[in-house]
file work21.txt (compact mmCIF, C-alpha atoms and all ligand atoms)
# COMPACT_ATOMS: atom_id res chain seq x y z
CA MET A 57 -10.57 -35.93 -29.61
CA ARG A 58 -8.73 -32.60 -29.91
CA ILE A 59 -8.95 -30.33 -26.86
CA THR A 60 -10.34 -27.47 -28.95
CA ASP A 61 -13.15 -29.76 -30.19
CA LEU A 62 -13.84 -30.94 -26.64
CA ILE A 63 -14.21 -27.42 -25.30
CA ASN A 64 -16.01 -26.00 -28.33
CA LYS A 65 -18.71 -28.62 -28.35
CA ASN A 66 -19.40 -28.01 -24.67
CA GLU A 67 -22.25 -25.55 -24.17
CA ARG A 68 -21.00 -24.38 -20.78
CA THR A 69 -17.50 -23.69 -19.49
CA ALA A 70 -15.63 -26.99 -19.50
CA PHE A 71 -13.96 -28.40 -16.38
CA SER A 72 -10.45 -29.84 -16.56
CA PHE A 73 -7.52 -30.30 -14.22
CA GLU A 74 -3.82 -31.08 -14.04
CA ILE A 75 -2.28 -33.85 -11.97
CA LEU A 76 1.31 -34.83 -11.22
CA PRO A 77 2.63 -38.38 -11.67
CA PRO A 78 3.14 -40.01 -8.24
CA LEU A 79 6.48 -39.64 -6.49
CA LYS A 80 8.72 -42.58 -7.44
CA GLY A 81 7.76 -45.62 -5.37
CA THR A 82 4.46 -44.33 -4.00
CA GLY A 83 2.03 -46.16 -6.32
CA ILE A 84 -0.85 -44.83 -8.38
CA GLU A 85 -3.79 -45.52 -6.00
CA LYS A 86 -3.82 -42.06 -4.38
CA LEU A 87 -3.94 -40.50 -7.84
CA TYR A 88 -6.96 -42.63 -8.76
CA LYS A 89 -8.67 -41.56 -5.53
CA ASP A 90 -8.06 -37.90 -6.41
CA ILE A 91 -9.46 -38.37 -9.91
CA GLU A 92 -12.49 -40.19 -8.55
CA SER A 93 -13.25 -37.33 -6.18
CA LEU A 94 -13.39 -34.91 -9.15
CA LYS A 95 -14.92 -37.23 -11.75
CA GLU A 96 -18.55 -36.30 -10.98
CA PHE A 97 -17.88 -32.79 -12.35
CA ASP A 98 -17.32 -34.29 -15.80
CA PRO A 99 -13.72 -33.33 -16.59
CA LYS A 100 -13.31 -32.99 -20.34
CA TYR A 101 -9.59 -33.71 -20.11
CA ILE A 102 -6.85 -34.30 -17.56
CA ASN A 103 -3.30 -33.00 -17.96
CA ILE A 104 -0.32 -34.93 -16.63
CA THR A 105 2.80 -32.93 -15.83
CA THR A 106 6.33 -34.00 -16.72
CA HIS A 107 9.32 -33.56 -14.43
CA ARG A 108 12.91 -33.54 -15.58
CA SER A 109 15.64 -35.43 -13.71
CA GLU A 110 17.46 -33.72 -10.86
CA TYR A 111 20.75 -34.28 -9.06
CA VAL A 112 20.29 -35.95 -5.68
CA TYR A 113 23.13 -36.08 -3.17
CA THR A 114 23.59 -39.15 -0.93
CA ASP A 115 25.71 -38.80 2.23
CA LEU A 116 28.33 -41.59 2.11
CA GLY A 117 29.87 -40.54 5.44
CA ASN A 118 33.27 -38.90 6.11
CA GLY A 119 31.99 -35.76 4.47
CA VAL A 120 31.68 -37.53 1.11
CA PHE A 121 28.53 -37.10 -0.97
CA GLN A 122 27.62 -39.09 -4.04
CA ARG A 123 25.81 -37.24 -6.80
CA ASN A 124 23.15 -39.21 -8.71
CA ARG A 125 20.73 -38.09 -11.33
CA GLN A 126 17.16 -39.26 -10.88
CA ARG A 127 13.57 -38.42 -11.74
CA ARG A 128 11.43 -38.00 -8.65
CA ARG A 129 8.19 -38.21 -10.64
CA PRO A 130 8.70 -40.48 -13.63
CA GLY A 131 5.88 -42.10 -15.57
CA THR A 132 3.97 -39.31 -17.37
CA VAL A 133 3.25 -41.44 -20.46
CA ALA A 134 2.20 -44.50 -18.47
CA VAL A 135 0.00 -42.44 -16.12
CA ALA A 136 -1.67 -40.75 -19.11
CA ALA A 137 -2.41 -44.14 -20.69
CA ALA A 138 -3.61 -45.66 -17.41
CA ILE A 139 -6.07 -42.81 -16.80
CA GLN A 140 -7.35 -42.74 -20.38
CA ASN A 141 -7.98 -46.50 -20.29
CA LYS A 142 -9.48 -46.63 -16.80
CA TYR A 143 -11.79 -43.59 -17.02
CA ASN A 144 -12.17 -43.01 -20.74
CA ILE A 145 -11.24 -39.34 -20.22
CA THR A 146 -8.92 -37.64 -22.70
CA THR A 147 -5.45 -37.16 -21.23
CA VAL A 148 -2.93 -34.49 -22.13
CA PRO A 149 0.64 -35.39 -21.21
CA HIS A 150 3.08 -32.50 -20.96
CA ILE A 151 6.11 -32.78 -23.19
CA LEU A 152 9.27 -30.82 -22.36
CA CYS A 153 12.52 -29.55 -23.80
CA SER A 154 13.97 -29.53 -20.28
CA GLY A 155 16.03 -32.65 -19.58
CA PHE A 156 15.23 -34.38 -22.88
CA THR A 157 17.25 -34.87 -26.05
CA ARG A 158 15.54 -34.88 -29.46
CA GLU A 159 15.87 -38.67 -29.69
CA GLU A 160 14.33 -39.15 -26.24
CA THR A 161 11.44 -36.91 -27.30
CA GLU A 162 11.01 -39.01 -30.43
CA TYR A 163 10.72 -42.18 -28.35
CA VAL A 164 8.12 -40.48 -26.13
CA LEU A 165 6.13 -39.51 -29.25
CA LEU A 166 6.30 -43.07 -30.57
CA ASP A 167 5.10 -44.48 -27.23
CA LEU A 168 2.20 -42.00 -27.19
CA GLN A 169 1.30 -42.83 -30.76
CA PHE A 170 1.16 -46.56 -29.98
CA LEU A 171 -1.04 -45.78 -26.97
CA GLY A 172 -3.45 -43.64 -29.01
CA ILE A 173 -2.71 -40.46 -27.03
CA THR A 174 -2.66 -37.54 -29.45
CA ASP A 175 -3.20 -34.40 -27.33
CA LEU A 176 -0.11 -32.73 -25.84
CA LEU A 177 0.87 -29.61 -23.93
CA VAL A 178 4.22 -28.47 -25.37
CA LEU A 179 6.52 -26.67 -22.94
CA ARG A 180 10.09 -25.68 -22.46
CA GLY A 181 9.96 -26.96 -18.89
CA ASP A 182 11.47 -25.66 -15.69
CA LYS A 183 15.19 -25.22 -15.26
CA ALA A 184 17.00 -27.86 -13.19
CA LYS A 185 17.18 -27.01 -9.47
CA HIS A 186 20.96 -26.66 -9.59
CA GLU A 187 20.84 -24.23 -12.54
CA SER A 188 20.47 -20.47 -12.16
CA SER A 189 19.06 -20.22 -15.68
CA PHE A 190 17.67 -22.70 -18.15
CA ILE A 191 20.32 -24.78 -19.95
CA PRO A 192 19.12 -26.97 -22.82
CA GLU A 193 20.29 -30.58 -23.08
CA GLU A 194 23.03 -31.23 -25.57
CA ASN A 195 21.03 -32.08 -28.68
CA GLY A 196 17.90 -30.70 -27.01
CA TYR A 197 15.97 -27.46 -27.35
CA ALA A 198 16.05 -24.01 -25.77
CA HIS A 199 12.40 -23.12 -26.42
CA ALA A 200 9.00 -24.73 -26.71
CA ILE A 201 8.65 -23.60 -30.33
CA GLU A 202 11.57 -25.83 -31.40
CA LEU A 203 9.85 -28.80 -29.80
CA GLN A 204 6.66 -27.84 -31.66
CA GLU A 205 8.67 -28.02 -34.90
CA GLN A 206 9.86 -31.53 -34.07
CA ILE A 207 6.25 -32.59 -33.41
CA ASN A 208 5.12 -30.95 -36.66
CA SER A 209 7.76 -32.94 -38.58
CA PHE A 210 6.74 -36.11 -36.77
CA ASN A 211 3.14 -35.40 -37.82
CA GLN A 212 4.39 -35.23 -41.42
CA GLY A 213 6.13 -38.59 -41.02
CA ILE A 214 9.70 -37.26 -40.65
CA PHE A 215 12.03 -38.39 -37.85
CA VAL A 216 14.65 -36.06 -36.29
CA ASP A 217 17.41 -37.57 -38.42
CA GLY A 218 15.43 -36.71 -41.56
CA SER A 219 14.41 -40.29 -42.34
CA GLU A 220 10.82 -41.09 -43.23
CA MET A 221 8.35 -43.21 -41.27
CA LYS A 222 6.97 -46.26 -43.00
CA VAL A 223 3.62 -45.84 -41.30
CA THR A 224 2.20 -42.53 -40.11
CA ASN A 225 -0.67 -42.32 -37.69
CA THR A 226 -3.17 -39.85 -36.22
CA PRO A 227 -1.26 -36.57 -35.91
CA PHE A 228 -0.63 -34.92 -32.55
CA SER A 229 -2.43 -31.69 -31.72
CA TYR A 230 -1.21 -29.47 -28.95
CA GLY A 231 -1.49 -26.42 -26.75
CA VAL A 232 1.20 -24.26 -25.16
CA ALA A 233 1.71 -22.17 -22.00
CA CYS A 234 1.13 -18.43 -21.62
CA TYR A 235 1.57 -15.89 -18.83
CA PRO A 236 -0.95 -13.08 -18.11
CA GLU A 237 1.60 -11.57 -15.71
CA LYS A 238 4.43 -12.32 -18.18
CA HIS A 239 7.04 -15.06 -18.04
CA GLU A 240 9.78 -14.34 -15.51
CA GLU A 241 12.52 -14.22 -18.17
CA SER A 242 10.70 -11.92 -20.53
CA PRO A 243 11.78 -8.25 -20.48
CA ASN A 244 8.16 -7.15 -20.93
CA ILE A 245 4.69 -8.49 -21.71
CA ASP A 246 4.84 -7.44 -25.39
CA GLN A 247 7.95 -9.55 -26.00
CA ASP A 248 6.29 -12.49 -24.29
CA ILE A 249 3.19 -12.07 -26.47
CA TYR A 250 5.43 -11.80 -29.55
CA TRP A 251 6.76 -15.29 -28.81
CA LEU A 252 3.30 -16.59 -27.98
CA LYS A 253 2.19 -15.48 -31.44
CA LYS A 254 5.12 -17.37 -32.97
CA LYS A 255 4.03 -20.48 -31.06
CA VAL A 256 0.49 -20.06 -32.43
CA GLU A 257 1.81 -19.64 -35.97
CA ALA A 258 3.84 -22.83 -35.44
CA GLY A 259 0.69 -24.81 -34.65
CA ALA A 260 -0.48 -24.26 -31.04
CA GLU A 261 -4.27 -24.66 -31.03
CA TYR A 262 -4.85 -23.17 -27.59
CA ALA A 263 -2.87 -21.79 -24.64
CA VAL A 264 -3.22 -22.46 -20.93
CA THR A 265 -2.31 -19.65 -18.57
CA GLN A 266 -0.03 -19.66 -15.59
CA LEU A 267 -2.16 -19.52 -12.44
CA PHE A 268 -3.45 -16.08 -11.45
CA TYR A 269 -5.64 -14.65 -8.68
CA ASP A 270 -6.68 -11.37 -10.27
CA ASN A 271 -9.13 -11.83 -13.16
CA GLN A 272 -8.44 -8.32 -14.39
CA LYS A 273 -4.92 -9.41 -15.35
CA TYR A 274 -6.37 -12.28 -17.39
CA PHE A 275 -8.93 -10.04 -19.13
CA GLU A 276 -6.24 -7.46 -20.01
CA PHE A 277 -3.95 -10.20 -21.30
CA VAL A 278 -6.68 -11.67 -23.52
CA GLU A 279 -7.44 -8.21 -24.88
CA LYS A 280 -3.75 -7.65 -25.69
CA VAL A 281 -3.30 -11.00 -27.44
CA ARG A 282 -6.47 -10.45 -29.52
CA GLN A 283 -5.10 -7.05 -30.60
CA VAL A 284 -2.04 -8.74 -32.14
CA GLY A 285 -4.18 -11.31 -33.95
CA ILE A 286 -3.94 -14.30 -31.60
CA ASN A 287 -7.36 -15.91 -31.83
CA ILE A 288 -6.91 -19.30 -30.16
CA PRO A 289 -8.69 -20.12 -26.86
CA ILE A 290 -6.78 -18.77 -23.85
CA ILE A 291 -7.69 -21.21 -21.10
CA PRO A 292 -7.44 -19.78 -17.57
CA GLY A 293 -5.33 -21.88 -15.19
CA ILE A 294 -6.64 -21.58 -11.64
CA LYS A 295 -5.55 -22.82 -8.23
CA PRO A 296 -7.38 -22.20 -4.96
CA PHE A 297 -5.26 -20.40 -2.37
CA LYS A 298 -4.76 -22.79 0.55
CA LYS A 299 -2.57 -21.61 3.43
CA ALA A 300 -0.68 -18.69 4.95
CA SER A 301 2.73 -19.89 3.77
CA GLN A 302 1.52 -19.47 0.16
CA LEU A 303 1.44 -15.68 0.66
CA SER A 304 5.17 -15.67 -0.02
CA MET A 305 5.51 -19.01 -1.82
CA ILE A 306 3.08 -18.28 -4.70
CA PRO A 307 4.64 -14.96 -5.83
CA LYS A 308 8.14 -16.42 -5.45
CA THR A 309 7.48 -19.66 -7.31
CA PHE A 310 5.02 -18.59 -9.99
CA LYS A 311 6.00 -14.91 -10.38
CA VAL A 312 2.44 -13.68 -9.96
CA ASP A 313 0.92 -11.11 -7.61
CA LEU A 314 -1.63 -11.87 -4.93
CA PRO A 315 -4.35 -9.20 -4.81
CA ASP A 316 -4.52 -6.98 -1.74
CA ASP A 317 -8.01 -8.14 -0.71
CA LEU A 318 -7.01 -11.81 -0.82
CA THR A 319 -3.80 -11.08 1.12
CA LYS A 320 -5.65 -9.12 3.82
CA ALA A 321 -8.31 -11.81 4.19
CA ALA A 322 -5.65 -14.53 4.46
CA LEU A 323 -3.65 -12.56 7.03
CA ALA A 324 -6.77 -12.13 9.17
CA CYS A 325 -7.28 -15.93 9.42
CA LYS A 326 -6.49 -17.56 12.75
CA ASP A 327 -5.35 -20.84 11.13
CA ASP A 328 -4.93 -22.64 7.81
CA ASN A 329 -8.45 -24.08 7.94
CA GLU A 330 -9.80 -20.55 7.79
CA ALA A 331 -7.26 -19.62 5.11
CA LYS A 332 -8.40 -22.57 3.02
CA GLN A 333 -12.01 -21.36 3.24
CA VAL A 334 -10.94 -17.87 2.18
CA GLY A 335 -9.15 -19.46 -0.79
CA VAL A 336 -12.20 -21.49 -1.79
CA GLU A 337 -14.49 -18.44 -1.64
CA TRP A 338 -12.03 -16.37 -3.64
CA CYS A 339 -11.73 -19.10 -6.24
CA ILE A 340 -15.51 -19.52 -6.55
CA ASN A 341 -15.89 -15.78 -7.20
CA GLN A 342 -13.01 -15.82 -9.66
CA CYS A 343 -14.51 -18.75 -11.59
CA ARG A 344 -18.02 -17.27 -11.61
CA GLU A 345 -16.70 -14.06 -13.11
CA LEU A 346 -14.64 -15.96 -15.69
CA MET A 347 -17.71 -17.99 -16.64
CA GLN A 348 -19.79 -14.82 -17.03
CA HIS A 349 -17.14 -13.67 -19.49
CA GLY A 350 -17.69 -16.89 -21.44
CA VAL A 351 -14.29 -18.55 -21.00
CA PRO A 352 -14.33 -21.89 -22.87
CA SER A 353 -12.80 -23.91 -20.08
CA ILE A 354 -11.33 -23.53 -16.61
CA HIS A 355 -8.25 -25.61 -15.93
CA PHE A 356 -7.44 -26.34 -12.28
CA TYR A 357 -3.96 -26.91 -10.89
CA SER A 358 -4.62 -29.65 -8.36
CA ILE A 359 -1.42 -30.29 -6.42
CA GLY A 360 -2.29 -30.10 -2.72
CA ALA A 361 -5.70 -28.65 -3.63
CA ILE A 362 -8.01 -31.55 -4.60
CA ASP A 363 -10.40 -30.99 -1.68
CA SER A 364 -10.60 -27.23 -2.35
CA ILE A 365 -11.21 -27.81 -6.08
CA ARG A 366 -14.02 -30.19 -5.15
CA GLU A 367 -15.69 -27.45 -3.10
CA VAL A 368 -15.24 -24.93 -5.89
CA ALA A 369 -16.54 -27.34 -8.56
CA LYS A 370 -19.60 -28.14 -6.41
CA ALA A 371 -20.40 -24.44 -6.28
CA ILE A 372 -19.87 -23.61 -9.95
CA TYR A 373 -20.79 -26.74 -11.94
P1 LIG B 401 8.96 -20.88 -23.90
O1 LIG B 401 7.79 -20.77 -24.81
O2 LIG B 401 10.23 -21.40 -24.46
O3 LIG B 401 9.19 -19.41 -23.29
C1 LIG B 401 10.17 -19.19 -22.27
C2 LIG B 401 10.66 -17.72 -22.34
O4 LIG B 401 11.38 -17.50 -23.56
C3 LIG B 401 9.55 -16.68 -22.35
O5 LIG B 401 10.04 -15.56 -21.66
C4 LIG B 401 9.32 -16.36 -23.83
O6 LIG B 401 8.83 -15.05 -24.03
C5 LIG B 401 10.71 -16.55 -24.42
N1 LIG B 401 10.76 -17.18 -25.74
C6 LIG B 401 9.92 -18.10 -26.26
N2 LIG B 401 10.37 -18.53 -27.46
C7 LIG B 401 11.52 -17.86 -27.71
C8 LIG B 401 12.48 -17.90 -28.76
N3 LIG B 401 12.31 -18.70 -29.83
N4 LIG B 401 13.57 -17.10 -28.67
C9 LIG B 401 13.76 -16.29 -27.58
N5 LIG B 401 12.88 -16.21 -26.55
C10 LIG B 401 11.79 -17.00 -26.60
N6 LIG B 401 7.18 -27.10 -16.25
C11 LIG B 401 7.62 -28.38 -16.16
O7 LIG B 401 8.82 -28.60 -15.95
N7 LIG B 401 6.74 -29.43 -16.28
C12 LIG B 401 5.42 -29.24 -16.54
O8 LIG B 401 4.67 -30.22 -16.67
C13 LIG B 401 4.93 -27.90 -16.66
N8 LIG B 401 3.62 -27.65 -16.93
C14 LIG B 401 3.21 -26.35 -17.12
C15 LIG B 401 1.88 -26.11 -17.49
C16 LIG B 401 1.42 -24.80 -17.68
C17 LIG B 401 -0.02 -24.55 -18.09
C18 LIG B 401 2.31 -23.69 -17.49
C19 LIG B 401 1.83 -22.28 -17.65
C20 LIG B 401 3.64 -23.94 -17.13
C21 LIG B 401 4.11 -25.25 -16.96
N9 LIG B 401 5.44 -25.53 -16.63
C22 LIG B 401 5.87 -26.84 -16.51
C23 LIG B 401 6.39 -24.44 -16.41
C24 LIG B 401 7.08 -23.99 -17.73
O9 LIG B 401 7.80 -25.07 -18.27
C25 LIG B 401 7.99 -22.82 -17.39
O10 LIG B 401 7.22 -21.69 -17.11
C26 LIG B 401 9.09 -22.51 -18.40
O11 LIG B 401 9.99 -21.61 -17.77
C27 LIG B 401 8.61 -21.84 -19.68
O12 LIG B 401 7.94 -22.72 -20.50
P2 LIG B 401 7.30 -22.23 -21.90
O13 LIG B 401 6.83 -23.43 -22.59
O14 LIG B 401 6.39 -21.09 -21.69
O15 LIG B 401 8.67 -21.72 -22.62
call {"tool": "encode", "arguments": {"input": "work21.txt", "output": "structure tokens", "more": "lines below"}}
Ligand code: FAD
result
Amino acid sequence: MRITDLINKNERTAFSFEILPPLKGTGIEKLYKDIESLKEFDPKYINITTHRSEYVYTDLGNGVFQRNRQRRRPGTVAVAAAIQNKYNITTVPHILCSGFTREETEYVLLDLQFLGITDLLVLRGDKAKHESSFIPEENGYAHAIELQEQINSFNQGIFVDGSEMKVTNTPFSYGVACYPEKHEESPNIDQDIYWLKKKVEAGAEYAVTQLFYDNQKYFEFVEKVRQVGINIPIIPGIKPFKKASQLSMIPKTFKVDLPDDLTKAALACKDDNEAKQVGVEWCINQCRELMQHGVPSIHFYSIGAIDSIREVAKAIY
């Protein structure tokens, strides 16, 4: 079922979360345990991230290093299928420009079609760790909107080489990313919203926000996008603050501000257990306020935060 149908038919704010495929070689059991600890809160859908390949350097001795390309977290499609089959919960694999050629994307779409997975989150993807700015693959894409166009053609039964499918199937529907505090590469928020509108016109049915800790920024963003005629659901992406080191890590990694009150409360904690509790309380208040404003769904970023999300979900659902 489409994500917009899933959240619209829910009378209260829907619960959903994002998980990462396991690190290569670590098995899927821990992931199942995480899902089981959040299952009682009735997740309407679960997103599965995708991670491009990276260069890894192996020390061969004598000062010689061998450079290999590998994916640390492969398996998005398989994990999505495994979860959907095991728990009968809709899964939303992320599909990226970053690190993928058009043909590779086509094979991913075919695999998903055979597996009956039709909801996607369409993203450009992060730059590679060794790059200072995003570089598309040769025969890949520079922006999410180009990937949307490939999916739209696929939905109409056209492959990337222009040939036609003999059999078409249930079309893919998809959401995209958005940034209440603007994307790091955008010169200003209006430019970022301009491109968001283009993504909506190209077929995005909803948008999920980058994480944020100040609801005011989300409310102002929603107001701005409505003013330019963007009427799709803007789903807040939320992650409980967890530990002191995140005071610098979160702004640096996600390019978002941490509010003064949260920062002061975290700095006053004597250890990370206390900081975690501060984060849970902050998150509960954030979610309650978002719910009062009638947001259709709250989407939790779960990496390293499953236990905190459980506490938050217990309080709000
Ligand atoms: P785009 O829509 O391409 O936008 C990138 C920048 O270019 C923006 O500044 C935008 O304003 C501008 N822009 C957009 N279109 C155009 C255009 N046609 N011409 C010129 N400028 C344009 N990363 C991963 O690697 N894996 C994941 O699984 C993943 N999941 C995510 C989930 C969510 C909910 C979010 C918010 C982010 C996620 N990311 C993930 C990170 C994301 O890939 C990065 O933030 C990336 O830098 C931008 O992706 P995008 O889809 O917003 O890109």
call {"tool": "closest_residue", "arguments": {"input": "work21.txt", "among": "A:Glu187, A:Asp248, A:Glu67, A:Asp115", "to": "ligand LIG 401 (chain B)", "atoms": "only C-alpha atoms and all ligand atoms"}}
result
A:Asp248
call {"tool": "closest_residue", "arguments": {"input": "work21.txt", "among": "A:Ala258, A:Ile173, A:Met57, A:Leu267", "to": "ligand LIG 401 (chain B)", "atoms": "only C-alpha atoms and all ligand atoms"}}
result
A:Leu267
call {"tool": "residues_near_ligand", "arguments": {"input": "work21.txt", "ligand": "ligand LIG 401 (chain B)", "cutoff": "8 Å", "atoms": "only C-alpha atoms and all ligand atoms", "output": "VMD selection string"}}
result
chain A and resid 76 104 to 108 149 to 152 154 177 to 183 190 198 to 202 232 to 235 238 to 243 247 to 252 254 to 255 263 to 267 293
call {"tool": "atom_distance", "arguments": {"input": "work21.txt", "atom1": "atom CA of A:Val368", "atom2": "atom CA of A:Tyr262"}}
result
24.1 Å
call {"tool": "atom_distance", "arguments": {"input": "work21.txt", "atom1": "atom CA of A:Asp313", "atom2": "atom CA of A:Tyr357"}}
result
16.9 Å
call {"tool": "residues_around", "arguments": {"input": "work21.txt", "residues": "stretch 219-224 of chain A", "least_positions_apart": "2", "cutoff": "12 Å", "atoms": "all atoms listed in the file", "output": "list in words"}}
result
Glu162, Leu165, Leu166, Gln169, Phe170, Ser209, Phe210, Asn211, Gln212, Gly213, Ile214, Phe215, Val216, Asp217, Thr226, Pro227 and Phe228 of chain A
call {"tool": "write_last_selection", "arguments": {"input": "work21.txt", "atoms": "C-alpha atoms", "output": "short mmCIF file (atom, residue, chain, number, x, y, z; two decimals), in the coordinates of the input"}}
result
data_model
loop_
_atom_site.label_atom_id
_atom_site.label_comp_id
_atom_site.auth_asym_id
_atom_site.auth_seq_id
_atom_site.Cartn_x
_atom_site.Cartn_y
_atom_site.Cartn_z
CA GLU A 162 11.01 -39.01 -30.43
CA LEU A 165 6.13 -39.51 -29.25
CA LEU A 166 6.30 -43.07 -30.57
CA GLN A 169 1.30 -42.83 -30.76
CA PHE A 170 1.16 -46.56 -29.98
CA SER A 209 7.76 -32.94 -38.58
CA PHE A 210 6.74 -36.11 -36.77
CA ASN A 211 3.14 -35.40 -37.82
CA GLN A 212 4.39 -35.23 -41.42
CA GLY A 213 6.13 -38.59 -41.02
CA ILE A 214 9.70 -37.26 -40.65
CA PHE A 215 12.03 -38.39 -37.85
CA VAL A 216 14.65 -36.06 -36.29
CA ASP A 217 17.41 -37.57 -38.42
CA THR A 226 -3.17 -39.85 -36.22
CA PRO A 227 -1.26 -36.57 -35.91
CA PHE A 228 -0.63 -34.92 -32.55
#
call {"tool": "build_atoms", "arguments": {"input": "work21.txt", "residues": "stretch 92-111 of chain A", "atoms": "N, CA and C atoms", "output": "PDB file, in the coordinates of the input"}}
result
ATOM      1  N   GLU A  92     -11.108 -39.785  -8.848  1.00  0.00           N
ATOM      2  CA  GLU A  92     -12.490 -40.190  -8.550  1.00  0.00           C
ATOM      3  C   GLU A  92     -13.248 -39.112  -7.781  1.00  0.00           C
ATOM      4  N   SER A  93     -12.545 -38.361  -6.945  1.00  0.00           N
ATOM      5  CA  SER A  93     -13.250 -37.330  -6.180  1.00  0.00           C
ATOM      6  C   SER A  93     -13.625 -36.123  -7.065  1.00  0.00           C
ATOM      7  N   LEU A  94     -13.038 -36.030  -8.259  1.00  0.00           N
ATOM      8  CA  LEU A  94     -13.390 -34.910  -9.150  1.00  0.00           C
ATOM      9  C   LEU A  94     -14.170 -35.361 -10.393  1.00  0.00           C
ATOM     10  N   LYS A  95     -14.325 -36.664 -10.524  1.00  0.00           N
ATOM     11  CA  LYS A  95     -14.920 -37.230 -11.750  1.00  0.00           C
ATOM     12  C   LYS A  95     -16.367 -36.781 -11.962  1.00  0.00           C
ATOM     13  N   GLU A  96     -17.109 -36.634 -10.855  1.00  0.00           N
ATOM     14  CA  GLU A  96     -18.550 -36.300 -10.980  1.00  0.00           C
ATOM     15  C   GLU A  96     -18.780 -34.936 -11.664  1.00  0.00           C
ATOM     16  N   PHE A  97     -17.717 -34.102 -11.723  1.00  0.00           N
ATOM     17  CA  PHE A  97     -17.880 -32.790 -12.350  1.00  0.00           C
ATOM     18  C   PHE A  97     -17.580 -32.837 -13.859  1.00  0.00           C
ATOM     19  N   ASP A  98     -17.432 -34.044 -14.372  1.00  0.00           N
ATOM     20  CA  ASP A  98     -17.320 -34.290 -15.800  1.00  0.00           C
ATOM     21  C   ASP A  98     -16.113 -33.601 -16.448  1.00  0.00           C
ATOM     22  N   PRO A  99     -14.910 -33.946 -15.961  1.00  0.00           N
ATOM     23  CA  PRO A  99     -13.720 -33.330 -16.590  1.00  0.00           C
ATOM     24  C   PRO A  99     -13.639 -33.713 -18.060  1.00  0.00           C
ATOM     25  N   LYS A 100     -13.406 -32.721 -18.897  1.00  0.00           N
ATOM     26  CA  LYS A 100     -13.310 -32.990 -20.340  1.00  0.00           C
ATOM     27  C   LYS A 100     -11.938 -33.540 -20.690  1.00  0.00           C
ATOM     28  N   TYR A 101     -10.943 -33.170 -19.894  1.00  0.00           N
ATOM     29  CA  TYR A 101      -9.590 -33.710 -20.110  1.00  0.00           C
ATOM     30  C   TYR A 101      -8.775 -33.538 -18.845  1.00  0.00           C
ATOM     31  N   ILE A 102      -7.740 -34.358 -18.727  1.00  0.00           N
ATOM     32  CA  ILE A 102      -6.850 -34.300 -17.560  1.00  0.00           C
ATOM     33  C   ILE A 102      -5.413 -34.171 -18.065  1.00  0.00           C
ATOM     34  N   ASN A 103      -4.707 -33.167 -17.583  1.00  0.00           N
ATOM     35  CA  ASN A 103      -3.300 -33.000 -17.960  1.00  0.00           C
ATOM     36  C   ASN A 103      -2.397 -33.739 -16.984  1.00  0.00           C
ATOM     37  N   ILE A 104      -1.306 -34.257 -17.497  1.00  0.00           N
ATOM     38  CA  ILE A 104      -0.320 -34.930 -16.630  1.00  0.00           C
ATOM     39  C   ILE A 104       1.020 -34.224 -16.824  1.00  0.00           C
ATOM     40  N   THR A 105       1.552 -33.686 -15.741  1.00  0.00           N
ATOM     41  CA  THR A 105       2.800 -32.930 -15.830  1.00  0.00           C
ATOM     42  C   THR A 105       3.986 -33.864 -16.111  1.00  0.00           C
ATOM     43  N   THR A 106       5.082 -33.256 -16.544  1.00  0.00           N
ATOM     44  CA  THR A 106       6.330 -34.000 -16.720  1.00  0.00           C
ATOM     45  C   THR A 106       7.415 -33.308 -15.901  1.00  0.00           C
ATOM     46  N   HIS A 107       8.280 -34.114 -15.312  1.00  0.00           N
ATOM     47  CA  HIS A 107       9.320 -33.560 -14.430  1.00  0.00           C
ATOM     48  C   HIS A 107      10.677 -34.075 -14.874  1.00  0.00           C
ATOM     49  N   ARG A 108      11.580 -33.153 -15.128  1.00  0.00           N
ATOM     50  CA  ARG A 108      12.910 -33.540 -15.580  1.00  0.00           C
ATOM     51  C   ARG A 108      13.687 -34.221 -14.436  1.00  0.00           C
ATOM     52  N   SER A 109      14.821 -34.816 -14.762  1.00  0.00           N
ATOM     53  CA  SER A 109      15.640 -35.430 -13.710  1.00  0.00           C
ATOM     54  C   SER A 109      16.393 -34.343 -12.947  1.00  0.00           C
ATOM     55  N   GLU A 110      16.744 -34.660 -11.736  1.00  0.00           N
ATOM     56  CA  GLU A 110      17.460 -33.720 -10.860  1.00  0.00           C
ATOM     57  C   GLU A 110      18.681 -34.446 -10.281  1.00  0.00           C
ATOM     58  N   TYR A 111      19.648 -33.657  -9.795  1.00  0.00           N
ATOM     59  CA  TYR A 111      20.750 -34.280  -9.060  1.00  0.00           C
ATOM     60  C   TYR A 111      20.331 -34.466  -7.608  1.00  0.00           C
TER      61      TYR A 111
END
